[in-house]
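Dumped my_file.cif below, it's mmCIF, C-alpha atoms, pLDDT in the B column; chains and numbers go by the auth columns:
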```cif
data_upload
loop_
_atom_site.group_PDB
_atom_site.id
_atom_site.type_symbol
_atom_site.label_atom_id
_atom_site.label_comp_id
_atom_site.label_asym_id
_atom_site.label_seq_id
_atom_site.Cartn_x
_atom_site.Cartn_y
_atom_site.Cartn_z
_atom_site.B_iso_or_equiv
_atom_site.auth_seq_id
_atom_site.auth_asym_id
ATOM 1 C CA MET A 1 4.810 12.019 3.565 81.00 1 A
ATOM 2 C CA ILE A 2 5.779 8.435 2.873 91.00 2 A
ATOM 3 C CA LEU A 3 3.921 7.165 5.934 91.00 3 A
ATOM 4 C CA ASP A 4 0.681 8.500 4.464 93.00 4 A
ATOM 5 C CA SER A 5 0.939 5.901 1.688 95.00 5 A
ATOM 6 C CA LEU A 6 0.651 3.150 4.326 96.00 6 A
ATOM 7 C CA ASN A 7 -2.517 4.620 5.835 96.00 7 A
ATOM 8 C CA LEU A 8 -5.520 2.363 5.216 98.00 8 A
ATOM 9 C CA GLN A 9 -8.078 4.515 6.995 98.00 9 A
ATOM 10 C CA ASP A 10 -11.665 3.485 6.146 96.00 10 A
ATOM 11 C CA LYS A 11 -10.563 0.807 3.668 98.00 11 A
ATOM 12 C CA VAL A 12 -12.564 -2.424 3.801 98.00 12 A
ATOM 13 C CA ALA A 13 -10.577 -5.661 3.987 99.00 13 A
ATOM 14 C CA ILE A 14 -11.782 -9.259 3.758 99.00 14 A
ATOM 15 C CA VAL A 15 -9.505 -11.773 5.511 98.00 15 A
ATOM 16 C CA THR A 16 -10.250 -15.497 5.264 98.00 16 A
ATOM 17 C CA GLY A 17 -9.242 -17.839 8.074 97.00 17 A
ATOM 18 C CA CYS A 18 -8.494 -15.246 10.738 97.00 18 A
ATOM 19 C CA ASN A 19 -9.391 -16.627 14.151 94.00 19 A
ATOM 20 C CA THR A 20 -5.844 -17.546 15.159 93.00 20 A
ATOM 21 C CA GLY A 21 -2.239 -17.366 14.017 94.00 21 A
ATOM 22 C CA LEU A 22 -1.181 -15.609 10.864 97.00 22 A
ATOM 23 C CA GLY A 23 -4.697 -14.759 9.721 98.00 23 A
ATOM 24 C CA GLN A 24 -5.535 -13.128 13.016 97.00 24 A
ATOM 25 C CA ALA A 25 -2.293 -11.121 13.004 97.00 25 A
ATOM 26 C CA MET A 26 -2.943 -9.868 9.472 98.00 26 A
ATOM 27 C CA ALA A 27 -6.535 -8.948 10.304 98.00 27 A
ATOM 28 C CA LEU A 28 -5.408 -7.034 13.386 98.00 28 A
ATOM 29 C CA GLY A 29 -2.583 -5.371 11.474 98.00 29 A
ATOM 30 C CA LEU A 30 -4.968 -4.167 8.776 98.00 30 A
ATOM 31 C CA ALA A 31 -7.364 -2.892 11.447 98.00 31 A
ATOM 32 C CA GLU A 32 -4.544 -1.026 13.201 98.00 32 A
ATOM 33 C CA ALA A 33 -3.709 0.615 9.856 98.00 33 A
ATOM 34 C CA GLY A 34 -7.312 1.866 9.641 98.00 34 A
ATOM 35 C CA CYS A 35 -9.286 -0.902 7.904 98.00 35 A
ATOM 36 C CA LYS A 36 -12.762 -2.130 8.598 98.00 36 A
ATOM 37 C CA VAL A 37 -12.226 -5.893 8.588 98.00 37 A
ATOM 38 C CA VAL A 38 -14.510 -8.718 7.493 98.00 38 A
ATOM 39 C CA GLY A 39 -13.363 -12.089 8.842 98.00 39 A
ATOM 40 C CA ILE A 40 -14.407 -15.248 6.989 98.00 40 A
ATOM 41 C CA ASN A 41 -14.325 -18.426 9.072 98.00 41 A
ATOM 42 C CA ARG A 42 -16.151 -21.735 9.289 96.00 42 A
ATOM 43 C CA ARG A 43 -16.764 -21.149 13.001 95.00 43 A
ATOM 44 C CA GLU A 44 -17.301 -17.935 14.940 95.00 44 A
ATOM 45 C CA PRO A 45 -13.860 -16.295 15.401 97.00 45 A
ATOM 46 C CA THR A 46 -14.343 -15.633 19.113 97.00 46 A
ATOM 47 C CA GLU A 47 -10.731 -14.790 19.941 96.00 47 A
ATOM 48 C CA THR A 48 -10.332 -12.374 17.037 98.00 48 A
ATOM 49 C CA MET A 49 -13.681 -10.744 17.781 98.00 49 A
ATOM 50 C CA GLU A 50 -12.591 -10.121 21.362 98.00 50 A
ATOM 51 C CA LYS A 51 -9.270 -8.614 20.302 98.00 51 A
ATOM 52 C CA MET A 52 -10.936 -6.383 17.706 98.00 52 A
ATOM 53 C CA LYS A 53 -13.550 -5.189 20.181 98.00 53 A
ATOM 54 C CA ALA A 54 -10.955 -4.484 22.889 98.00 54 A
ATOM 55 C CA ALA A 55 -8.978 -2.326 20.456 98.00 55 A
ATOM 56 C CA GLY A 56 -12.059 -0.496 19.184 98.00 56 A
ATOM 57 C CA HIS A 57 -11.789 -1.789 15.604 98.00 57 A
ATOM 58 C CA GLN A 58 -14.724 -2.374 13.263 98.00 58 A
ATOM 59 C CA PHE A 59 -15.015 -6.104 12.583 98.00 59 A
ATOM 60 C CA LEU A 60 -17.694 -8.169 10.860 98.00 60 A
ATOM 61 C CA ALA A 61 -17.644 -11.955 11.293 98.00 61 A
ATOM 62 C CA VAL A 62 -19.076 -13.971 8.396 98.00 62 A
ATOM 63 C CA ARG A 63 -19.479 -17.747 8.646 97.00 63 A
ATOM 64 C CA ALA A 64 -18.671 -19.638 5.436 98.00 64 A
ATOM 65 C CA ASP A 65 -17.430 -23.027 4.251 97.00 65 A
ATOM 66 C CA LEU A 66 -14.473 -22.347 1.976 97.00 66 A
ATOM 67 C CA SER A 67 -14.119 -26.002 0.977 97.00 67 A
ATOM 68 C CA LYS A 68 -16.601 -25.109 -1.769 95.00 68 A
ATOM 69 C CA GLN A 69 -17.462 -21.945 -3.622 96.00 69 A
ATOM 70 C CA ASP A 70 -21.205 -21.705 -2.891 97.00 70 A
ATOM 71 C CA ASP A 71 -20.807 -19.129 -0.100 97.00 71 A
ATOM 72 C CA ILE A 72 -18.719 -16.642 -2.104 98.00 72 A
ATOM 73 C CA PRO A 73 -21.656 -14.521 -3.384 98.00 73 A
ATOM 74 C CA HIS A 74 -22.985 -14.277 0.184 97.00 74 A
ATOM 75 C CA ILE A 75 -19.572 -13.083 1.436 98.00 75 A
ATOM 76 C CA ILE A 76 -19.464 -10.315 -1.166 98.00 76 A
ATOM 77 C CA GLU A 77 -23.065 -9.293 -0.595 98.00 77 A
ATOM 78 C CA GLN A 78 -22.754 -9.159 3.179 98.00 78 A
ATOM 79 C CA THR A 79 -19.526 -7.170 3.057 98.00 79 A
ATOM 80 C CA VAL A 80 -20.906 -4.601 0.622 98.00 80 A
ATOM 81 C CA SER A 81 -24.245 -4.305 2.417 98.00 81 A
ATOM 82 C CA THR A 82 -22.438 -3.672 5.729 98.00 82 A
ATOM 83 C CA PHE A 83 -19.508 -1.477 4.700 98.00 83 A
ATOM 84 C CA GLY A 84 -20.484 -0.292 1.215 98.00 84 A
ATOM 85 C CA ARG A 85 -17.453 -1.535 -0.694 98.00 85 A
ATOM 86 C CA ILE A 86 -14.391 -3.816 -0.723 98.00 86 A
ATOM 87 C CA ASP A 87 -10.801 -2.579 -1.053 99.00 87 A
ATOM 88 C CA ILE A 88 -8.612 -5.490 0.042 99.00 88 A
ATOM 89 C CA LEU A 89 -8.818 -9.294 -0.032 99.00 89 A
ATOM 90 C CA VAL A 90 -6.442 -11.526 1.931 99.00 90 A
ATOM 91 C CA ASN A 91 -6.805 -15.193 0.915 98.00 91 A
ATOM 92 C CA ASN A 92 -5.334 -16.775 4.026 98.00 92 A
ATOM 93 C CA ALA A 93 -7.559 -19.803 4.752 97.00 93 A
ATOM 94 C CA GLY A 94 -5.872 -23.099 3.995 96.00 94 A
ATOM 95 C CA ILE A 95 -5.671 -26.738 5.041 95.00 95 A
ATOM 96 C CA ILE A 96 -3.074 -29.502 4.852 94.00 96 A
ATOM 97 C CA ARG A 97 -3.206 -33.310 4.669 95.00 97 A
ATOM 98 C CA ARG A 98 -0.190 -35.506 5.393 94.00 98 A
ATOM 99 C CA GLU A 99 0.202 -38.933 3.766 96.00 99 A
ATOM 100 C CA ASP A 100 2.911 -40.726 1.817 97.00 100 A
ATOM 101 C CA ALA A 101 2.693 -39.906 -1.882 98.00 101 A
ATOM 102 C CA LEU A 102 2.420 -43.615 -2.747 98.00 102 A
ATOM 103 C CA GLU A 103 -0.728 -43.910 -0.633 98.00 103 A
ATOM 104 C CA PHE A 104 -2.125 -40.374 -0.983 98.00 104 A
ATOM 105 C CA SER A 105 -5.911 -40.475 -1.382 98.00 105 A
ATOM 106 C CA GLU A 106 -8.051 -38.664 -3.903 98.00 106 A
ATOM 107 C CA GLU A 107 -10.073 -37.224 -1.026 98.00 107 A
ATOM 108 C CA ASN A 108 -6.976 -35.702 0.574 98.00 108 A
ATOM 109 C CA TRP A 109 -5.979 -34.297 -2.803 98.00 109 A
ATOM 110 C CA ASP A 110 -9.371 -32.739 -3.556 98.00 110 A
ATOM 111 C CA ASP A 111 -9.976 -31.346 -0.053 98.00 111 A
ATOM 112 C CA VAL A 112 -6.717 -29.413 -0.047 98.00 112 A
ATOM 113 C CA MET A 113 -6.889 -28.240 -3.641 98.00 113 A
ATOM 114 C CA ASN A 114 -10.460 -26.983 -3.207 98.00 114 A
ATOM 115 C CA VAL A 115 -9.662 -24.735 -0.248 98.00 115 A
ATOM 116 C CA ASN A 116 -6.097 -23.730 -1.050 98.00 116 A
ATOM 117 C CA SER A 117 -6.319 -22.999 -4.769 98.00 117 A
ATOM 118 C CA LYS A 118 -9.815 -23.295 -6.245 98.00 118 A
ATOM 119 C CA THR A 119 -11.521 -21.116 -3.629 98.00 119 A
ATOM 120 C CA VAL A 120 -8.589 -18.686 -3.675 98.00 120 A
ATOM 121 C CA PHE A 121 -9.132 -18.170 -7.397 98.00 121 A
ATOM 122 C CA PHE A 122 -12.904 -17.814 -7.289 98.00 122 A
ATOM 123 C CA MET A 123 -12.836 -15.555 -4.205 98.00 123 A
ATOM 124 C CA SER A 124 -10.329 -13.376 -6.062 98.00 124 A
ATOM 125 C CA GLN A 125 -12.479 -13.394 -9.187 98.00 125 A
ATOM 126 C CA ALA A 126 -15.589 -12.312 -7.266 98.00 126 A
ATOM 127 C CA VAL A 127 -13.744 -9.547 -5.413 98.00 127 A
ATOM 128 C CA ALA A 128 -12.042 -8.356 -8.623 98.00 128 A
ATOM 129 C CA LYS A 129 -15.470 -7.969 -10.228 98.00 129 A
ATOM 130 C CA GLN A 130 -16.515 -5.845 -7.253 98.00 130 A
ATOM 131 C CA PHE A 131 -13.330 -3.757 -7.580 98.00 131 A
ATOM 132 C CA ILE A 132 -14.075 -3.170 -11.264 98.00 132 A
ATOM 133 C CA ALA A 133 -17.679 -2.200 -10.504 98.00 133 A
ATOM 134 C CA GLN A 134 -16.437 0.304 -7.922 98.00 134 A
ATOM 135 C CA GLY A 135 -14.052 1.753 -10.496 98.00 135 A
ATOM 136 C CA ASP A 136 -11.001 2.452 -8.368 96.00 136 A
ATOM 137 C CA GLY A 137 -9.077 -0.821 -8.172 98.00 137 A
ATOM 138 C CA GLY A 138 -8.015 -2.774 -5.112 98.00 138 A
ATOM 139 C CA LYS A 139 -5.505 -5.157 -3.577 98.00 139 A
ATOM 140 C CA ILE A 140 -5.522 -8.955 -3.472 99.00 140 A
ATOM 141 C CA ILE A 141 -3.005 -10.728 -1.232 99.00 141 A
ATOM 142 C CA ASN A 142 -2.694 -14.504 -1.435 98.00 142 A
ATOM 143 C CA ILE A 143 -0.914 -16.580 1.184 98.00 143 A
ATOM 144 C CA ALA A 144 1.576 -18.902 -0.454 98.00 144 A
ATOM 145 C CA SER A 145 4.190 -21.049 1.335 97.00 145 A
ATOM 146 C CA MET A 146 7.782 -22.198 1.344 96.00 146 A
ATOM 147 C CA LEU A 147 6.304 -25.155 -0.561 96.00 147 A
ATOM 148 C CA SER A 148 5.432 -22.789 -3.389 98.00 148 A
ATOM 149 C CA PHE A 149 9.203 -22.984 -3.996 98.00 149 A
ATOM 150 C CA GLN A 150 10.111 -26.407 -2.598 96.00 150 A
ATOM 151 C CA GLY A 151 8.730 -29.936 -2.790 97.00 151 A
ATOM 152 C CA GLY A 152 8.185 -30.951 0.799 93.00 152 A
ATOM 153 C CA ILE A 153 7.581 -34.493 2.062 93.00 153 A
ATOM 154 C CA ARG A 154 4.225 -36.290 2.562 95.00 154 A
ATOM 155 C CA VAL A 155 2.204 -33.213 1.535 95.00 155 A
ATOM 156 C CA PRO A 156 1.781 -33.523 -2.264 98.00 156 A
ATOM 157 C CA SER A 157 -1.594 -31.774 -2.480 98.00 157 A
ATOM 158 C CA TYR A 158 -0.429 -28.945 -0.220 97.00 158 A
ATOM 159 C CA THR A 159 2.686 -28.452 -2.340 97.00 159 A
ATOM 160 C CA ALA A 160 0.605 -28.509 -5.527 98.00 160 A
ATOM 161 C CA SER A 161 -1.939 -26.076 -4.115 98.00 161 A
ATOM 162 C CA LYS A 162 0.631 -23.586 -2.852 98.00 162 A
ATOM 163 C CA SER A 163 2.595 -23.789 -6.106 98.00 163 A
ATOM 164 C CA ALA A 164 -0.707 -23.020 -7.816 98.00 164 A
ATOM 165 C CA VAL A 165 -1.222 -20.019 -5.551 98.00 165 A
ATOM 166 C CA MET A 166 2.043 -18.493 -6.746 98.00 166 A
ATOM 167 C CA GLY A 167 1.139 -19.235 -10.366 98.00 167 A
ATOM 168 C CA ILE A 168 -2.388 -17.832 -10.288 98.00 168 A
ATOM 169 C CA THR A 169 -1.115 -14.780 -8.413 98.00 169 A
ATOM 170 C CA ARG A 170 0.987 -14.001 -11.495 98.00 170 A
ATOM 171 C CA ALA A 171 -1.822 -14.872 -13.915 98.00 171 A
ATOM 172 C CA MET A 172 -4.400 -12.694 -12.175 98.00 172 A
ATOM 173 C CA ALA A 173 -1.914 -9.842 -11.847 98.00 173 A
ATOM 174 C CA ASN A 174 -1.262 -9.956 -15.593 98.00 174 A
ATOM 175 C CA GLU A 175 -4.940 -9.629 -16.483 98.00 175 A
ATOM 176 C CA TRP A 176 -6.142 -7.281 -13.760 98.00 176 A
ATOM 177 C CA ALA A 177 -3.367 -4.701 -13.487 98.00 177 A
ATOM 178 C CA LYS A 178 -5.141 -2.662 -16.189 98.00 178 A
ATOM 179 C CA PHE A 179 -8.041 -2.261 -13.740 98.00 179 A
ATOM 180 C CA ASN A 180 -5.689 -0.901 -11.052 98.00 180 A
ATOM 181 C CA ILE A 181 -5.905 -4.202 -9.187 98.00 181 A
ATOM 182 C CA ASN A 182 -2.671 -5.413 -7.599 99.00 182 A
ATOM 183 C CA VAL A 183 -2.397 -9.164 -6.979 99.00 183 A
ATOM 184 C CA ASN A 184 0.555 -10.351 -4.912 99.00 184 A
ATOM 185 C CA ALA A 185 1.366 -13.091 -2.407 99.00 185 A
ATOM 186 C CA ILE A 186 3.203 -13.663 0.847 98.00 186 A
ATOM 187 C CA ALA A 187 5.073 -16.925 1.476 98.00 187 A
ATOM 188 C CA PRO A 188 5.562 -17.419 5.237 98.00 188 A
ATOM 189 C CA GLY A 189 8.555 -19.384 6.412 97.00 189 A
ATOM 190 C CA TYR A 190 8.701 -21.385 9.635 96.00 190 A
ATOM 191 C CA MET A 191 6.357 -19.511 11.966 96.00 191 A
ATOM 192 C CA ALA A 192 5.707 -20.003 15.689 94.00 192 A
ATOM 193 C CA THR A 193 1.988 -20.724 15.495 88.00 193 A
ATOM 194 C CA ASN A 194 -0.356 -23.405 16.858 83.00 194 A
ATOM 195 C CA ASN A 195 0.304 -25.462 13.722 79.00 195 A
ATOM 196 C CA THR A 196 4.019 -25.790 14.533 86.00 196 A
ATOM 197 C CA THR A 197 3.788 -26.437 18.290 88.00 197 A
ATOM 198 C CA ALA A 198 4.728 -30.121 17.964 84.00 198 A
ATOM 199 C CA LEU A 199 7.571 -29.342 15.576 84.00 199 A
ATOM 200 C CA ARG A 200 9.050 -26.765 17.948 94.00 200 A
ATOM 201 C CA ALA A 201 8.682 -29.163 20.859 93.00 201 A
ATOM 202 C CA ASP A 202 10.808 -31.764 19.015 92.00 202 A
ATOM 203 C CA GLU A 203 14.283 -30.717 20.129 94.00 203 A
ATOM 204 C CA GLU A 204 16.106 -32.355 17.200 95.00 204 A
ATOM 205 C CA ARG A 205 13.777 -30.985 14.501 91.00 205 A
ATOM 206 C CA ASN A 206 13.636 -27.566 16.128 95.00 206 A
ATOM 207 C CA SER A 207 17.417 -27.334 16.220 96.00 207 A
ATOM 208 C CA ALA A 208 17.777 -28.456 12.583 94.00 208 A
ATOM 209 C CA ILE A 209 15.263 -25.854 11.425 94.00 209 A
ATOM 210 C CA LEU A 210 16.851 -23.000 13.371 97.00 210 A
ATOM 211 C CA GLU A 211 20.299 -23.897 12.005 96.00 211 A
ATOM 212 C CA ARG A 212 18.922 -23.404 8.469 96.00 212 A
ATOM 213 C CA ILE A 213 17.322 -19.999 9.176 98.00 213 A
ATOM 214 C CA PRO A 214 19.854 -17.141 8.898 98.00 214 A
ATOM 215 C CA ALA A 215 17.767 -14.998 11.266 98.00 215 A
ATOM 216 C CA GLY A 216 18.215 -17.717 13.892 97.00 216 A
ATOM 217 C CA ARG A 217 14.615 -17.744 15.115 97.00 217 A
ATOM 218 C CA TRP A 218 11.119 -18.842 14.237 98.00 218 A
ATOM 219 C CA GLY A 219 8.934 -16.178 12.693 97.00 219 A
ATOM 220 C CA THR A 220 6.054 -14.684 14.629 95.00 220 A
ATOM 221 C CA SER A 221 2.547 -13.876 13.480 91.00 221 A
ATOM 222 C CA GLU A 222 3.429 -10.200 13.740 92.00 222 A
ATOM 223 C CA ASP A 223 6.233 -10.697 11.192 97.00 223 A
ATOM 224 C CA ILE A 224 3.488 -11.286 8.601 97.00 224 A
ATOM 225 C CA ALA A 225 1.322 -8.296 9.557 97.00 225 A
ATOM 226 C CA GLY A 226 3.762 -5.658 8.266 97.00 226 A
ATOM 227 C CA PRO A 227 4.198 -7.126 4.762 98.00 227 A
ATOM 228 C CA CYS A 228 0.424 -7.598 4.548 98.00 228 A
ATOM 229 C CA VAL A 229 -0.270 -3.949 5.392 98.00 229 A
ATOM 230 C CA PHE A 230 2.415 -2.875 2.916 98.00 230 A
ATOM 231 C CA LEU A 231 0.976 -4.932 0.039 98.00 231 A
ATOM 232 C CA ALA A 232 -2.507 -3.652 0.884 98.00 232 A
ATOM 233 C CA SER A 233 -1.394 -0.031 0.769 98.00 233 A
ATOM 234 C CA LYS A 234 -0.688 2.625 -1.838 98.00 234 A
ATOM 235 C CA ALA A 235 3.018 2.108 -1.151 98.00 235 A
ATOM 236 C CA ALA A 236 2.761 -1.167 -3.127 98.00 236 A
ATOM 237 C CA ASP A 237 0.920 0.259 -6.154 98.00 237 A
ATOM 238 C CA TYR A 238 3.673 -0.772 -8.592 98.00 238 A
ATOM 239 C CA ILE A 239 4.118 -4.318 -7.282 98.00 239 A
ATOM 240 C CA ASN A 240 2.236 -6.835 -9.420 98.00 240 A
ATOM 241 C CA GLY A 241 2.342 -10.637 -9.422 98.00 241 A
ATOM 242 C CA TYR A 242 5.136 -11.005 -6.892 98.00 242 A
ATOM 243 C CA THR A 243 5.468 -13.469 -4.006 98.00 243 A
ATOM 244 C CA ILE A 244 7.332 -12.063 -0.999 98.00 244 A
ATOM 245 C CA ALA A 245 9.041 -14.681 1.170 98.00 245 A
ATOM 246 C CA VAL A 246 8.846 -13.785 4.858 98.00 246 A
ATOM 247 C CA ASP A 247 11.154 -16.537 6.029 98.00 247 A
ATOM 248 C CA GLY A 248 14.111 -15.150 7.981 98.00 248 A
ATOM 249 C CA GLY A 249 16.319 -15.965 4.990 98.00 249 A
ATOM 250 C CA TRP A 250 15.340 -19.670 4.677 97.00 250 A
ATOM 251 C CA LEU A 251 15.219 -19.613 0.866 97.00 251 A
ATOM 252 C CA ALA A 252 18.442 -17.621 0.627 96.00 252 A
ATOM 253 C CA ARG A 253 20.384 -20.322 2.492 92.00 253 A
#
```
So that I can check it, write out the structure of this file as structure tokens.
Amino acid sequence: MILDSLNLQDKVAIVTGCNTGLGQAMALGLAEAGCKVVGINRREPTETMEKMKAAGHQFLAVRADLSKQDDIPHIIEQTVSTFGRIDILVNNAGIIRREDALEFSEENWDDVMNVNSKTVFFMSQAVAKQFIAQGDGGKIINIASMLSFQGGIRVPSYTASKSAVMGITRAMANEWAKFNINVNAIAPGYMATNNTTALRADEERNSAILERIPAGRWGTSEDIAGPCVFLASKAADYINGYTIAVDGGWLAR
């Protein structure tokens, strides 16, 4: 049956940046589909741990600093030593810095690029090597952005990093498809998360945004969970190098 292709029972998924918001929703969605989940966060993901425990899911919390790549071997080793393998990687962790382009600092550029694109690539590389060693492929899901398609204002390094995410998703897919590794991305639209609380509280900005979204509402964290489970599953075996916009129609407007 078609629903069997969405079953992720006993798969092992690594999700970076999953204590709140979209990352948490994707981690929980993967767990509900049957995955054992490894959450990578700088601090202990207390809220996610509590939700996983309450639902009876298997969850391993690993502390790591994704602003550099030094912790990547430890992440792989700890995941494999605990669960025996890796089947899915979700590169969700990301940061943003806001400053006028004329004054944008090198530090703000490097900080964002390191987490949002450099670590995404080298995490993917390390996991792909593990997939190849296991011999039966795997799924890599990168989290892109509306600014993978658009320019934005006062966020040049974020725009550059998320444009890079879409580009390296294609590049990795091209090289790794022969190993039965699918690399794809999800580009969230305007989502009702902690990061957008101030924006939604601004009546004028909130109204302008909603007028542009054909669906007429902000997205929810759960709106991302379904596409993530789909891309992680056998149902998406013939999707390679594609970025799915989950935006309520924002880009179609």
Q | Selection: 12 Å around A:Ala177, only C-alpha atoms, excl. self and same-chain fewer than 5 positions, as a PyMOL selection string | A | chain A and resi 128+131-132+136-140+169-172+182-184+237-241
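Reported to one decimal place, the separation of atom CA of A:Gly216 from atom CA of A:Leu28 is 25.9 Å.
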Q: Take the PyMOL selection byres ((chain A and resi 112) around 9), apply it to the structure above, and return the hits as a PyMOL selection string.
A: chain A and resi 67+94-97+107-111+113-117+157-158+161
(Q) Once the PyMOL selection byres ((chain A and resi 32-48) around 9) is applied to the coordinates I shared, what remains selected? I want it as a count of residues only. (A) 42
**Q.** Residues in the PyMOL selection byres ((chain A and resi 210) around 12), expressed as a list in words
**A.** Gly189, Tyr190, Met191, Ala192, Leu199, Arg200, Glu203, Glu204, Arg205, Asn206, Ser207, Ala208, Ile209, Glu211, Arg212, Ile213, Pro214, Ala215, Gly216, Arg217, Trp218, Gly219, Asp247, Gly248, Gly249, Trp250 and Arg253 of chain A
Could those selected residues go to a file with C-alpha atoms, as a tab-separated table (two decimals), in the coordinates of the input?
```tsv
chain	number	residue	atom	x	y	z
A	189	GLY	CA	8.56	-19.38	6.41
A	190	TYR	CA	8.70	-21.38	9.64
A	191	MET	CA	6.36	-19.51	11.97
A	192	ALA	CA	5.71	-20.00	15.69
A	199	LEU	CA	7.57	-29.34	15.58
A	200	ARG	CA	9.05	-26.76	17.95
A	203	GLU	CA	14.28	-30.72	20.13
A	204	GLU	CA	16.11	-32.35	17.20
A	205	ARG	CA	13.78	-30.98	14.50
A	206	ASN	CA	13.64	-27.57	16.13
A	207	SER	CA	17.42	-27.33	16.22
A	208	ALA	CA	17.78	-28.46	12.58
A	209	ILE	CA	15.26	-25.85	11.42
A	211	GLU	CA	20.30	-23.90	12.00
A	212	ARG	CA	18.92	-23.40	8.47
A	213	ILE	CA	17.32	-20.00	9.18
A	214	PRO	CA	19.85	-17.14	8.90
A	215	ALA	CA	17.77	-15.00	11.27
A	216	GLY	CA	18.22	-17.72	13.89
A	217	ARG	CA	14.62	-17.74	15.12
A	218	TRP	CA	11.12	-18.84	14.24
A	219	GLY	CA	8.93	-16.18	12.69
A	247	ASP	CA	11.15	-16.54	6.03
A	248	GLY	CA	14.11	-15.15	7.98
A	249	GLY	CA	16.32	-15.96	4.99
A	250	TRP	CA	15.34	-19.67	4.68
A	253	ARG	CA	20.38	-20.32	2.49
```
Q: Identify which of the residues A:Val165, A:Ile76, A:Ile86, A:Met26 lies closest to A:Met123, counting only C-alpha atoms when measuring atom-to-atom distances.
A: A:Ile76
(Q) What's around A:Val246 at 12 Å? Count all atoms listed in the file, leave out sequence neighbours fewer than 6 positions away in its own chain, and write the answer as a PyMOL selection string. (A) chain A and resi 22+143-146+185-191+213+215+218-228+252
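Shortest separation to A:Asn142 among A:Val127, A:Leu89, A:Ala101, A:Ala198 occurs at residue A:Leu89, atoms counted being only C-alpha atoms.
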**Q.** Spatial neighbours of A:Thr159, 8 Å, all atoms listed in the file, chain gap at least 3 places, as a ChimeraX atom specification
**A.** /A:147-148,150-152,155-156,162-163
Q: Kindly give the distance, in Å, that separates atom CA of A:Ile244 and atom CA of A:Val90, rounded to a single decimal.
A: 14.1 Å
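A straight line drawn from atom CA of A:Glu99 to atom CA of A:Arg154 is 5.0 Å long.
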Taking all listed atoms of stretch 168-179 of chain A, build the axis-aligned box, pad each of the six sides by 4 Å, then write its centre and edge lengths in Å to one decimal as AutoDock Vina command-line options.
```
--center_x -3.5 --center_y -10.0 --center_z -12.4 --size_x 17.0 --size_y 23.6 --size_z 16.1
```
Q: Pick out the closest residue to A:Leu251 from this set: A:Phe149, A:Asn180, A:Leu102, A:Gly167. Count all atoms listed in the file.
A: A:Phe149
